[in-house]
>>> print(open('upload.txt').read())   # compact mmCIF, C-alpha atoms and all ligand atoms
# COMPACT_ATOMS: atom_id res chain seq x y z
CA MET A 90 1.16 23.30 6.90
CA PRO A 91 4.94 23.62 6.54
CA VAL A 92 5.87 20.04 5.80
CA ASN A 93 8.85 18.68 4.03
CA TYR A 94 7.92 15.01 3.92
CA TRP A 95 11.41 13.87 3.04
CA GLU A 96 12.92 15.69 6.00
CA LEU A 97 10.35 14.07 8.31
CA VAL A 98 11.01 10.62 6.94
CA TYR A 99 14.78 11.04 7.17
CA GLU A 100 14.39 12.27 10.74
CA VAL A 101 12.40 9.14 11.58
CA ILE A 102 14.96 6.86 9.91
CA TYR A 103 17.72 8.61 11.83
CA LYS A 104 15.92 8.26 15.18
CA SER A 105 14.90 4.63 14.65
CA ASP A 106 16.72 1.44 15.60
CA ILE A 107 14.78 -0.63 13.06
CA ILE A 108 12.76 0.40 10.01
CA LEU A 109 9.60 -1.29 8.75
CA GLU A 110 9.06 -0.75 5.04
CA ILE A 111 5.38 -1.39 4.36
CA LEU A 112 4.61 -2.99 0.98
CA ASP A 113 1.29 -3.81 -0.70
CA ALA A 114 1.09 -7.60 -1.21
CA ARG A 115 -0.60 -7.11 -4.60
CA ILE A 116 2.27 -4.97 -5.91
CA ILE A 117 5.32 -5.80 -3.80
CA ASP A 118 8.04 -4.70 -6.22
CA GLU A 119 6.23 -1.54 -7.26
CA THR A 120 5.81 -0.38 -3.67
CA ARG A 121 9.46 -0.83 -2.73
CA ASN A 122 10.94 2.64 -2.34
CA LYS A 123 14.57 2.32 -3.41
CA THR A 124 15.43 5.91 -2.42
CA ILE A 125 14.39 5.25 1.18
CA GLU A 126 15.98 1.78 1.23
CA TYR A 127 19.28 3.30 0.10
CA LYS A 128 19.13 5.91 2.87
CA ILE A 129 18.42 3.22 5.49
CA GLN A 130 21.29 1.08 4.25
CA GLN A 131 23.65 4.08 4.38
CA LEU A 132 22.79 4.46 8.07
CA ASN A 133 23.32 0.74 8.58
CA LYS A 134 19.92 0.07 10.14
CA PRO A 135 17.98 -3.18 9.71
CA ILE A 136 14.93 -3.12 7.43
CA ILE A 137 11.99 -5.43 7.98
CA TYR A 138 9.91 -5.72 4.81
CA VAL A 139 6.30 -5.87 5.93
CA ILE A 140 4.12 -7.29 3.20
CA ASN A 141 0.71 -5.94 4.13
CA LYS A 142 -2.79 -6.57 2.71
CA CYS A 143 -2.05 -10.29 2.48
CA ASP A 144 -5.78 -10.91 2.72
CA LEU A 145 -5.93 -9.74 -0.92
CA VAL A 146 -3.46 -12.28 -2.33
CA LYS A 147 -3.11 -16.07 -2.53
CA LYS A 148 -0.45 -17.46 -0.21
CA GLU A 149 1.33 -19.33 -3.03
CA LEU A 150 2.05 -16.05 -4.79
CA LEU A 151 3.76 -14.65 -1.72
CA ASP A 152 6.00 -17.59 -0.86
CA ALA A 153 8.48 -16.87 -3.66
CA LYS A 154 9.20 -13.41 -2.23
CA LYS A 155 10.45 -14.81 1.07
CA LYS A 156 13.72 -15.86 -0.54
CA GLU A 157 14.31 -12.42 -2.06
CA LEU A 158 13.96 -10.31 1.07
CA GLU A 159 16.13 -10.92 4.12
CA HIS A 160 13.78 -9.91 6.93
CA CYS A 161 10.27 -10.25 5.66
CA VAL A 162 6.94 -10.66 7.45
CA TYR A 163 3.48 -11.22 5.96
CA VAL A 164 0.71 -9.25 7.57
CA SER A 165 -2.91 -8.38 7.12
CA SER A 166 -3.50 -5.41 9.36
CA LYS A 167 -7.16 -5.63 8.40
CA GLU A 168 -7.48 -9.16 9.78
CA ARG A 169 -4.81 -8.65 12.43
CA ASP A 170 -2.87 -11.53 10.93
CA GLY A 171 0.90 -11.84 11.32
CA THR A 172 1.22 -9.10 13.90
CA THR A 173 2.62 -11.35 16.62
CA MET A 174 5.20 -12.60 14.14
CA LEU A 175 6.12 -9.01 13.33
CA LYS A 176 6.44 -8.07 17.01
CA ASN A 177 8.71 -11.07 17.58
CA LYS A 178 10.84 -10.10 14.59
CA ILE A 179 11.21 -6.56 15.96
CA LEU A 180 12.18 -7.91 19.39
CA SER A 181 14.70 -10.32 17.90
CA LEU A 182 16.45 -7.56 15.91
CA GLY A 183 16.20 -4.77 18.51
CA LYS A 184 18.91 -4.92 21.10
CA LYS A 185 17.83 -2.11 23.41
CA ASP A 186 15.29 -1.98 26.21
CA LYS A 187 13.32 0.61 24.27
CA ILE A 188 13.25 -0.09 20.55
CA HIS A 189 12.28 2.78 18.25
CA VAL A 190 10.72 1.47 15.06
CA GLY A 191 10.24 3.77 12.06
CA VAL A 192 7.38 2.91 9.73
CA VAL A 193 7.89 4.06 6.15
CA GLY A 194 6.43 3.37 2.71
CA TYR A 195 4.43 4.73 -0.17
CA PRO A 196 1.13 6.46 0.58
CA ASN A 197 -1.79 4.12 1.22
CA THR A 198 0.29 0.97 1.78
CA GLY A 199 -1.15 0.71 5.30
CA LYS A 200 1.51 2.22 7.58
CA SER A 201 -0.97 3.65 10.06
CA SER A 202 -3.10 0.48 9.93
CA ILE A 203 -0.07 -1.67 10.81
CA ILE A 204 0.72 0.60 13.74
CA ASN A 205 -2.84 0.21 15.00
CA ALA A 206 -2.67 -3.56 14.55
CA LEU A 207 0.59 -3.66 16.56
CA ALA A 208 -0.61 -1.27 19.23
CA GLY A 209 -3.96 -3.06 19.49
CA ALA A 210 -5.90 0.19 19.35
CA ASN A 211 -6.72 2.93 16.88
CA LYS A 212 -3.89 5.19 17.88
CA ALA A 213 -2.80 6.25 14.37
CA SER A 214 -5.35 7.79 12.05
CA THR A 215 -6.00 5.95 8.73
CA SER A 216 -7.86 6.69 5.50
CA PRO A 217 -8.35 5.19 2.01
CA GLN A 218 -7.25 8.59 0.69
CA SER A 219 -3.48 8.57 0.12
CA GLY A 220 -1.44 11.28 1.82
CA HIS A 221 -3.50 11.03 5.00
CA THR A 222 -0.74 11.09 7.64
CA LYS A 223 0.92 14.50 7.66
CA GLY A 224 3.52 14.45 10.47
CA ILE A 225 5.47 12.13 12.72
CA GLN A 226 3.39 10.24 15.28
CA LEU A 227 4.84 8.25 18.19
CA VAL A 228 2.79 5.25 19.30
CA LYS A 229 3.69 2.87 22.14
CA ALA A 230 2.99 -0.72 21.07
CA SER A 231 4.42 -2.45 24.14
CA ASN A 232 6.87 -1.79 26.95
CA ARG A 233 9.78 -2.20 24.56
CA ILE A 234 8.36 -1.23 21.16
CA TYR A 235 7.81 2.42 20.18
CA LEU A 236 6.49 3.04 16.68
CA LEU A 237 7.04 6.16 14.61
CA ASP A 238 4.43 6.72 11.90
CA THR A 239 5.40 8.81 8.86
CA PRO A 240 3.64 10.34 5.88
CA GLY A 241 3.87 8.29 2.69
CA VAL A 242 6.66 9.48 0.45
CA ILE A 243 7.06 9.31 -3.30
CA PRO A 244 10.59 9.42 -4.75
CA PHE A 245 11.46 12.63 -6.59
CA SER A 246 12.21 10.60 -9.68
CA ASN A 247 8.77 9.03 -9.75
CA THR A 248 6.54 11.36 -11.71
CA ASP A 249 4.90 8.61 -13.74
CA SER A 250 1.23 9.26 -13.10
CA THR A 251 0.14 5.81 -14.31
CA GLN A 252 2.54 4.02 -11.99
CA LEU A 253 1.50 6.21 -9.06
CA ALA A 254 -2.14 5.38 -9.70
CA ILE A 255 -1.40 1.64 -9.67
CA ILE A 256 0.66 2.06 -6.49
CA CYS A 257 -2.43 3.76 -5.00
CA SER A 258 -0.46 6.95 -4.32
CA LYS A 259 -2.52 9.20 -6.52
CA ASN A 260 -6.10 10.25 -5.93
CA PRO A 261 -8.17 8.65 -8.76
CA GLN A 262 -9.97 11.97 -9.22
CA LYS A 263 -6.64 13.56 -10.15
CA VAL A 264 -5.48 10.89 -12.58
CA LYS A 265 -5.33 12.40 -16.08
CA ASP A 266 -6.03 9.33 -18.20
CA PRO A 267 -7.91 6.95 -15.90
CA ASP A 268 -8.89 4.71 -18.82
CA VAL A 269 -5.22 4.07 -19.65
CA VAL A 270 -4.45 3.17 -16.03
CA ALA A 271 -7.53 0.95 -15.73
CA MET A 272 -6.56 -0.89 -18.92
CA ILE A 273 -3.04 -1.44 -17.58
CA LEU A 274 -4.55 -2.94 -14.41
CA ILE A 275 -6.84 -5.16 -16.49
CA GLU A 276 -3.87 -6.40 -18.55
CA LYS A 277 -1.43 -6.74 -15.64
CA PHE A 278 -3.70 -8.94 -13.54
CA GLU A 279 -5.35 -11.12 -16.15
CA GLY A 280 -9.05 -11.63 -15.50
CA VAL A 281 -8.95 -10.18 -11.97
CA VAL A 282 -10.72 -6.90 -12.69
CA GLU A 283 -13.29 -8.60 -14.92
CA HIS A 284 -13.92 -11.18 -12.18
CA PHE A 285 -14.54 -8.45 -9.59
CA TYR A 286 -17.25 -6.85 -11.72
CA GLY A 287 -18.76 -10.19 -12.72
CA ILE A 288 -17.84 -10.33 -16.40
CA GLU A 289 -15.92 -12.87 -18.48
CA LYS A 290 -12.14 -12.50 -18.81
CA GLN A 291 -11.37 -10.51 -22.00
CA LYS A 292 -8.41 -10.60 -24.38
CA ASP A 293 -8.84 -6.92 -25.18
CA SER A 294 -8.67 -4.53 -22.20
CA GLU A 295 -10.64 -1.82 -24.02
CA LYS A 296 -13.46 -4.29 -24.57
CA ALA A 297 -13.28 -5.29 -20.89
CA LEU A 298 -13.59 -1.64 -19.85
CA GLU A 299 -16.66 -1.21 -22.07
CA LEU A 300 -18.30 -4.33 -20.69
CA ILE A 301 -17.64 -3.15 -17.13
CA ALA A 302 -19.19 0.24 -18.04
CA ILE A 303 -22.29 -1.58 -19.30
CA LYS A 304 -22.39 -3.71 -16.16
CA MET A 305 -22.12 -0.58 -13.98
CA ASN A 306 -24.61 1.21 -16.21
CA LYS A 307 -22.26 4.21 -16.43
CA LYS A 308 -23.52 6.45 -19.21
CA ILE A 309 -23.14 10.06 -20.20
CA LYS A 310 -25.99 12.21 -21.51
CA GLY A 311 -27.21 10.78 -24.79
CA GLY A 312 -26.70 7.21 -23.63
CA GLU A 313 -23.05 6.79 -24.62
CA LEU A 314 -20.89 4.72 -22.27
CA ASP A 315 -18.96 6.75 -19.69
CA VAL A 316 -15.64 4.96 -19.89
CA GLU A 317 -13.79 7.62 -17.91
CA ALA A 318 -16.13 7.39 -14.90
CA THR A 319 -15.96 3.60 -15.11
CA ALA A 320 -12.16 3.71 -15.13
CA ARG A 321 -12.09 6.04 -12.10
CA GLN A 322 -14.42 3.67 -10.23
CA ILE A 323 -12.04 0.78 -11.01
CA LEU A 324 -9.15 2.83 -9.61
CA TYR A 325 -11.15 3.60 -6.45
CA ASP A 326 -11.98 -0.06 -5.95
CA TRP A 327 -8.34 -1.02 -6.57
CA GLN A 328 -6.98 1.58 -4.17
CA LYS A 329 -9.52 0.74 -1.46
CA GLY A 330 -8.40 -2.87 -1.68
CA LYS A 331 -11.78 -4.12 -2.88
CA ILE A 332 -10.20 -5.71 -5.95
CA ASN A 333 -8.10 -8.64 -4.77
CA LEU A 334 -5.84 -11.14 -6.52
CA LEU A 335 -7.42 -14.19 -4.93
CA SER A 336 -8.92 -15.28 -8.25
CA LEU A 337 -5.54 -15.26 -10.05
N1 LIG A 401 -7.60 -5.23 2.52
C1 LIG A 401 -6.76 -4.58 3.31
N2 LIG A 401 -6.77 -3.24 3.35
C2 LIG A 401 -5.90 -2.62 4.17
C3 LIG A 401 -4.96 -3.33 4.96
N3 LIG A 401 -4.20 -2.44 5.63
C4 LIG A 401 -4.65 -1.21 5.28
N4 LIG A 401 -5.68 -1.30 4.41
C5 LIG A 401 -6.43 -0.19 3.81
O1 LIG A 401 -5.54 0.63 3.07
C6 LIG A 401 -5.92 2.02 3.19
C7 LIG A 401 -4.74 2.85 3.65
O2 LIG A 401 -4.41 2.55 5.00
P1 LIG A 401 -3.56 3.55 5.92
O3 LIG A 401 -3.15 2.77 7.11
O4 LIG A 401 -4.25 4.84 6.11
O5 LIG A 401 -2.31 3.77 4.95
P2 LIG A 401 -1.03 4.72 5.16
O6 LIG A 401 0.12 3.99 4.55
O7 LIG A 401 -0.90 5.12 6.58
O8 LIG A 401 -1.43 5.94 4.23
P3 LIG A 401 -0.87 7.47 4.27
O9 LIG A 401 -0.89 7.96 5.69
O10 LIG A 401 -1.85 8.16 3.38
O11 LIG A 401 0.50 7.43 3.68
C8 LIG A 401 -7.11 2.05 4.14
O12 LIG A 401 -8.29 2.10 3.37
C9 LIG A 401 -6.99 0.74 4.89
O13 LIG A 401 -8.24 0.27 5.35
C10 LIG A 401 -4.98 -4.77 4.90
O14 LIG A 401 -4.22 -5.51 5.55
N5 LIG A 401 -5.89 -5.32 4.04
MG MG A 402 -0.89 7.00 7.41
>>> encode(input="upload.txt", output="structure tokens", more="lines below")
Ligand SMILES: Nc1nc2c(ncn2[C@@H]2O[C@H](COP(=O)(O)OP(=O)(O)OP(=O)(O)O)[C@@H](O)[C@H]2O)c(=O)[nH]1
Ligand SMILES: [Mg+2]
Amino acid sequence: MPVNYWELVYEVIYKSDIILEILDARIIDETRNKTIEYKIQQLNKPIIYVINKCDLVKKELLDAKKKELEHCVYVSSKERDGTTMLKNKILSLGKKDKIHVGVVGYPNTGKSSIINALAGANKASTSPQSGHTKGIQLVKASNRIYLLDTPGVIPFSNTDSTQLAIICSKNPQKVKDPDVVAMILIEKFEGVVEHFYGIEKQKDSEKALELIAIKMNKKIKGGELDVEATARQILYDWQKGKINLLSL
């Protein structure tokens, strides 16, 4: 498939009156794509920051962000929460009869899911596997709102495999050192990963990983703990949105 993702995304930004940047509520700063934001600002188009997957985070944690981002809407496309607010925001910023709305963001942040939540039907295809949407898709959400879905894009400068795994933009099967990434997750969100697997919060992330391996009964031949498989499972559960921050 001859796809230059950046060209597609730029084309969408160019054609759109408003851009929605979709962010993961668990990792808002990490999922902001500064390269795309810069491009949008250059073209002088309004950005609405859509903080998605809010069902995975406590409301108190999100409130602080409101002050930082000019146009910002909290959504859970899974629970269809906040979509009316988002529609109203689009209508208040769009001045034309037909408003074209580009939907951009890192892979797996929920771009296609948001489009479906807005359109009220499964018009854009979604998947827990990042890199699912391959081309531009136009979806009519209402008489005035036309949404343009895009493939998730990773900045050229971002080759940090660990960061990409945390952002959910890298297939866990392809992560080189899953144990390192899993330990970073364990340390970054104190007690959250342990809580999900039903173990006590640990001071030492390596110890936590071992205890989770025991809990999951992940062993290699000979009975030794399979820490790598355990770490990959943690990454899957994180990327699928099973691990939430509600216990933080
Ligand atoms: N918990 C939760 N999960 C969500 C939410 N929105 C999307 N997801 C999940 O996140 C995963 C990715 O969703 P998609 O809509 O395919 O994401 P995308 O940004 O279009 O991904 P690409 O097309 O690969 O770039 C899926 O497993 C969704 O079910 C949400 O509000 N809450
Ligand atoms: Mg998609």
>>> residues_around(input="upload.txt", residues="Ile203 (chain A)", least_positions_apart="2", cutoff="9 Å", atoms="only C-alpha atoms", output="ChimeraX atom specification")
/A:111,141,164-167,169,172,192,199-201,205-208
>>> closest_atom_pairs(input="upload.txt", of="chain A", to="ligand LIG 401 (chain A)", cutoff="8 Å", atoms="all atoms listed in the file", output="tab-separated table")
residue	atom	partner	partner_atom	distance
A:Ile111	CA	A:LIG401	O6	7.5
A:Asn141	CA	A:LIG401	O14	5.1
A:Lys142	CA	A:LIG401	O14	3.4
A:Cys143	CA	A:LIG401	O14	6.1
A:Asp144	CA	A:LIG401	N5	5.7
A:Leu145	CA	A:LIG401	N1	5.9
A:Val164	CA	A:LIG401	O14	6.5
A:Ser165	CA	A:LIG401	O14	3.5
A:Ser166	CA	A:LIG401	O14	3.9
A:Lys167	CA	A:LIG401	O14	4.1
A:Glu168	CA	A:LIG401	O14	6.5
A:Arg169	CA	A:LIG401	O14	7.6
A:Val193	CA	A:LIG401	O6	7.9
A:Gly194	CA	A:LIG401	O6	6.6
A:Tyr195	CA	A:LIG401	O11	6.1
A:Pro196	CA	A:LIG401	O11	3.3
A:Asn197	CA	A:LIG401	O8	3.5
A:Thr198	CA	A:LIG401	O6	4.1
A:Gly199	CA	A:LIG401	O5	3.3
A:Lys200	CA	A:LIG401	O6	3.8
A:Ser201	CA	A:LIG401	O3	3.8
A:Ser202	CA	A:LIG401	O3	3.6
A:Ile203	CA	A:LIG401	O3	6.5
A:Ile204	CA	A:LIG401	O3	8.0
A:Ser214	CA	A:LIG401	O4	6.7
A:Thr215	CA	A:LIG401	O4	3.3
A:Ser216	CA	A:LIG401	O4	4.1
A:Pro217	CA	A:LIG401	O12	3.4
A:Gln218	CA	A:LIG401	O10	6.0
A:Ser219	CA	A:LIG401	O10	3.7
A:Gly220	CA	A:LIG401	O10	3.5
A:His221	CA	A:LIG401	O10	3.7
A:Thr222	CA	A:LIG401	O9	3.7
A:Lys223	CA	A:LIG401	O9	7.1
A:Asp238	CA	A:LIG401	O7	7.7
A:Thr239	CA	A:LIG401	O9	7.1
A:Pro240	CA	A:LIG401	O11	4.8
A:Gly241	CA	A:LIG401	O11	3.6
A:Val242	CA	A:LIG401	O11	7.3
A:Ser258	CA	A:LIG401	O10	7.9
A:Gln328	CA	A:LIG401	O1	7.4
A:Lys329	CA	A:LIG401	O12	5.2
A:Gly330	CA	A:LIG401	N1	4.9
A:Lys331	CA	A:LIG401	N1	6.9
>>> atom_distance(input="upload.txt", atom1="CA of Ala210 (chain A)", atom2="CA of Leu175 (chain A)")
16.3 Å
>>> atom_distance(input="upload.txt", atom1="CA of Ser336 (chain A)", atom2="CA of Lys156 (chain A)")
23.9 Å
>>> atom_distance(input="upload.txt", atom1="CA of Gly287 (chain A)", atom2="CA of Glu119 (chain A)")
27.0 Å
>>> build_atoms(input="upload.txt", residues="region 104-136 of chain A", atoms="N, CA and C atoms", output="JSON list (two decimals), in the frame of the given file")
[["chain", "number", "residue", "atom", "x", "y", "z"],
["A", 104, "LYS", "N", 16.25, 8.50, 13.77],
["A", 104, "LYS", "CA", 15.92, 8.26, 15.18],
["A", 104, "LYS", "C", 15.63, 6.79, 15.48],
["A", 105, "SER", "N", 15.37, 6.00, 14.44],
["A", 105, "SER", "CA", 14.90, 4.63, 14.65],
["A", 105, "SER", "C", 16.03, 3.62, 14.76],
["A", 106, "ASP", "N", 15.75, 2.54, 15.50],
["A", 106, "ASP", "CA", 16.72, 1.44, 15.60],
["A", 106, "ASP", "C", 16.46, 0.43, 14.48],
["A", 107, "ILE", "N", 15.20, 0.31, 14.10],
["A", 107, "ILE", "CA", 14.78, -0.63, 13.06],
["A", 107, "ILE", "C", 13.76, 0.11, 12.18],
["A", 108, "ILE", "N", 13.76, -0.22, 10.89],
["A", 108, "ILE", "CA", 12.76, 0.40, 10.01],
["A", 108, "ILE", "C", 11.84, -0.69, 9.44],
["A", 109, "LEU", "N", 10.55, -0.43, 9.46],
["A", 109, "LEU", "CA", 9.60, -1.29, 8.75],
["A", 109, "LEU", "C", 9.27, -0.61, 7.43],
["A", 110, "GLU", "N", 9.53, -1.30, 6.31],
["A", 110, "GLU", "CA", 9.06, -0.75, 5.04],
["A", 110, "GLU", "C", 7.77, -1.49, 4.68],
["A", 111, "ILE", "N", 6.69, -0.75, 4.59],
["A", 111, "ILE", "CA", 5.38, -1.39, 4.36],
["A", 111, "ILE", "C", 5.13, -1.49, 2.85],
["A", 112, "LEU", "N", 4.85, -2.73, 2.40],
["A", 112, "LEU", "CA", 4.61, -2.99, 0.98],
["A", 112, "LEU", "C", 3.20, -3.55, 0.79],
["A", 113, "ASP", "N", 2.62, -3.29, -0.37],
["A", 113, "ASP", "CA", 1.29, -3.81, -0.70],
["A", 113, "ASP", "C", 1.47, -5.18, -1.34],
["A", 114, "ALA", "N", 0.88, -6.22, -0.74],
["A", 114, "ALA", "CA", 1.09, -7.60, -1.21],
["A", 114, "ALA", "C", 0.71, -7.79, -2.68],
["A", 115, "ARG", "N", -0.18, -6.96, -3.20],
["A", 115, "ARG", "CA", -0.60, -7.11, -4.60],
["A", 115, "ARG", "C", 0.46, -6.57, -5.57],
["A", 116, "ILE", "N", 1.29, -5.63, -5.06],
["A", 116, "ILE", "CA", 2.27, -4.97, -5.91],
["A", 116, "ILE", "C", 3.57, -4.75, -5.11],
["A", 117, "ILE", "N", 4.16, -5.87, -4.71],
["A", 117, "ILE", "CA", 5.32, -5.80, -3.80],
["A", 117, "ILE", "C", 6.48, -5.01, -4.41],
["A", 118, "ASP", "N", 6.88, -5.37, -5.62],
["A", 118, "ASP", "CA", 8.04, -4.70, -6.22],
["A", 118, "ASP", "C", 7.76, -3.22, -6.48],
["A", 119, "GLU", "N", 6.58, -2.93, -6.93],
["A", 119, "GLU", "CA", 6.23, -1.54, -7.26],
["A", 119, "GLU", "C", 6.19, -0.64, -6.04],
["A", 120, "THR", "N", 5.90, -1.22, -4.87],
["A", 120, "THR", "CA", 5.81, -0.38, -3.67],
["A", 120, "THR", "C", 7.12, -0.33, -2.88],
["A", 121, "ARG", "N", 8.15, -0.98, -3.39],
["A", 121, "ARG", "CA", 9.46, -0.83, -2.73],
["A", 121, "ARG", "C", 10.04, 0.53, -3.11],
["A", 122, "ASN", "N", 10.44, 1.28, -2.11],
["A", 122, "ASN", "CA", 10.94, 2.64, -2.34],
["A", 122, "ASN", "C", 12.47, 2.62, -2.22],
["A", 123, "LYS", "N", 13.11, 2.51, -3.38],
["A", 123, "LYS", "CA", 14.57, 2.32, -3.41],
["A", 123, "LYS", "C", 15.33, 3.52, -2.83],
["A", 124, "THR", "N", 14.76, 4.71, -2.96],
["A", 124, "THR", "CA", 15.43, 5.91, -2.42],
["A", 124, "THR", "C", 15.52, 5.79, -0.89],
["A", 125, "ILE", "N", 14.40, 5.40, -0.29],
["A", 125, "ILE", "CA", 14.39, 5.25, 1.18],
["A", 125, "ILE", "C", 15.27, 4.07, 1.60],
["A", 126, "GLU", "N", 15.17, 2.97, 0.87],
["A", 126, "GLU", "CA", 15.98, 1.78, 1.23],
["A", 126, "GLU", "C", 17.47, 2.13, 1.22],
["A", 127, "TYR", "N", 17.88, 2.91, 0.22],
["A", 127, "TYR", "CA", 19.28, 3.30, 0.10],
["A", 127, "TYR", "C", 19.71, 4.11, 1.33],
["A", 128, "LYS", "N", 18.85, 5.05, 1.71],
["A", 128, "LYS", "CA", 19.13, 5.91, 2.87],
["A", 128, "LYS", "C", 19.27, 5.06, 4.15],
["A", 129, "ILE", "N", 18.39, 4.08, 4.29],
["A", 129, "ILE", "CA", 18.42, 3.22, 5.49],
["A", 129, "ILE", "C", 19.71, 2.40, 5.51],
["A", 130, "GLN", "N", 20.07, 1.88, 4.33],
["A", 130, "GLN", "CA", 21.29, 1.08, 4.25],
["A", 130, "GLN", "C", 22.53, 1.91, 4.56],
["A", 131, "GLN", "N", 22.53, 3.17, 4.09],
["A", 131, "GLN", "CA", 23.65, 4.08, 4.38],
["A", 131, "GLN", "C", 23.84, 4.25, 5.88],
["A", 132, "LEU", "N", 22.73, 4.28, 6.61],
["A", 132, "LEU", "CA", 22.79, 4.46, 8.07],
["A", 132, "LEU", "C", 22.96, 3.13, 8.80],
["A", 133, "ASN", "N", 23.05, 2.06, 8.01],
["A", 133, "ASN", "CA", 23.32, 0.74, 8.58],
["A", 133, "ASN", "C", 22.27, 0.26, 9.57],
["A", 134, "LYS", "N", 21.01, 0.51, 9.24],
["A", 134, "LYS", "CA", 19.92, 0.07, 10.14],
["A", 134, "LYS", "C", 19.19, -1.09, 9.49],
["A", 135, "PRO", "N", 18.71, -2.04, 10.31],
["A", 135, "PRO", "CA", 17.98, -3.18, 9.71],
["A", 135, "PRO", "C", 16.61, -2.77, 9.17],
["A", 136, "ILE", "N", 16.27, -3.34, 8.01],
["A", 136, "ILE", "CA", 14.93, -3.12, 7.43],
["A", 136, "ILE", "C", 14.13, -4.41, 7.57]]
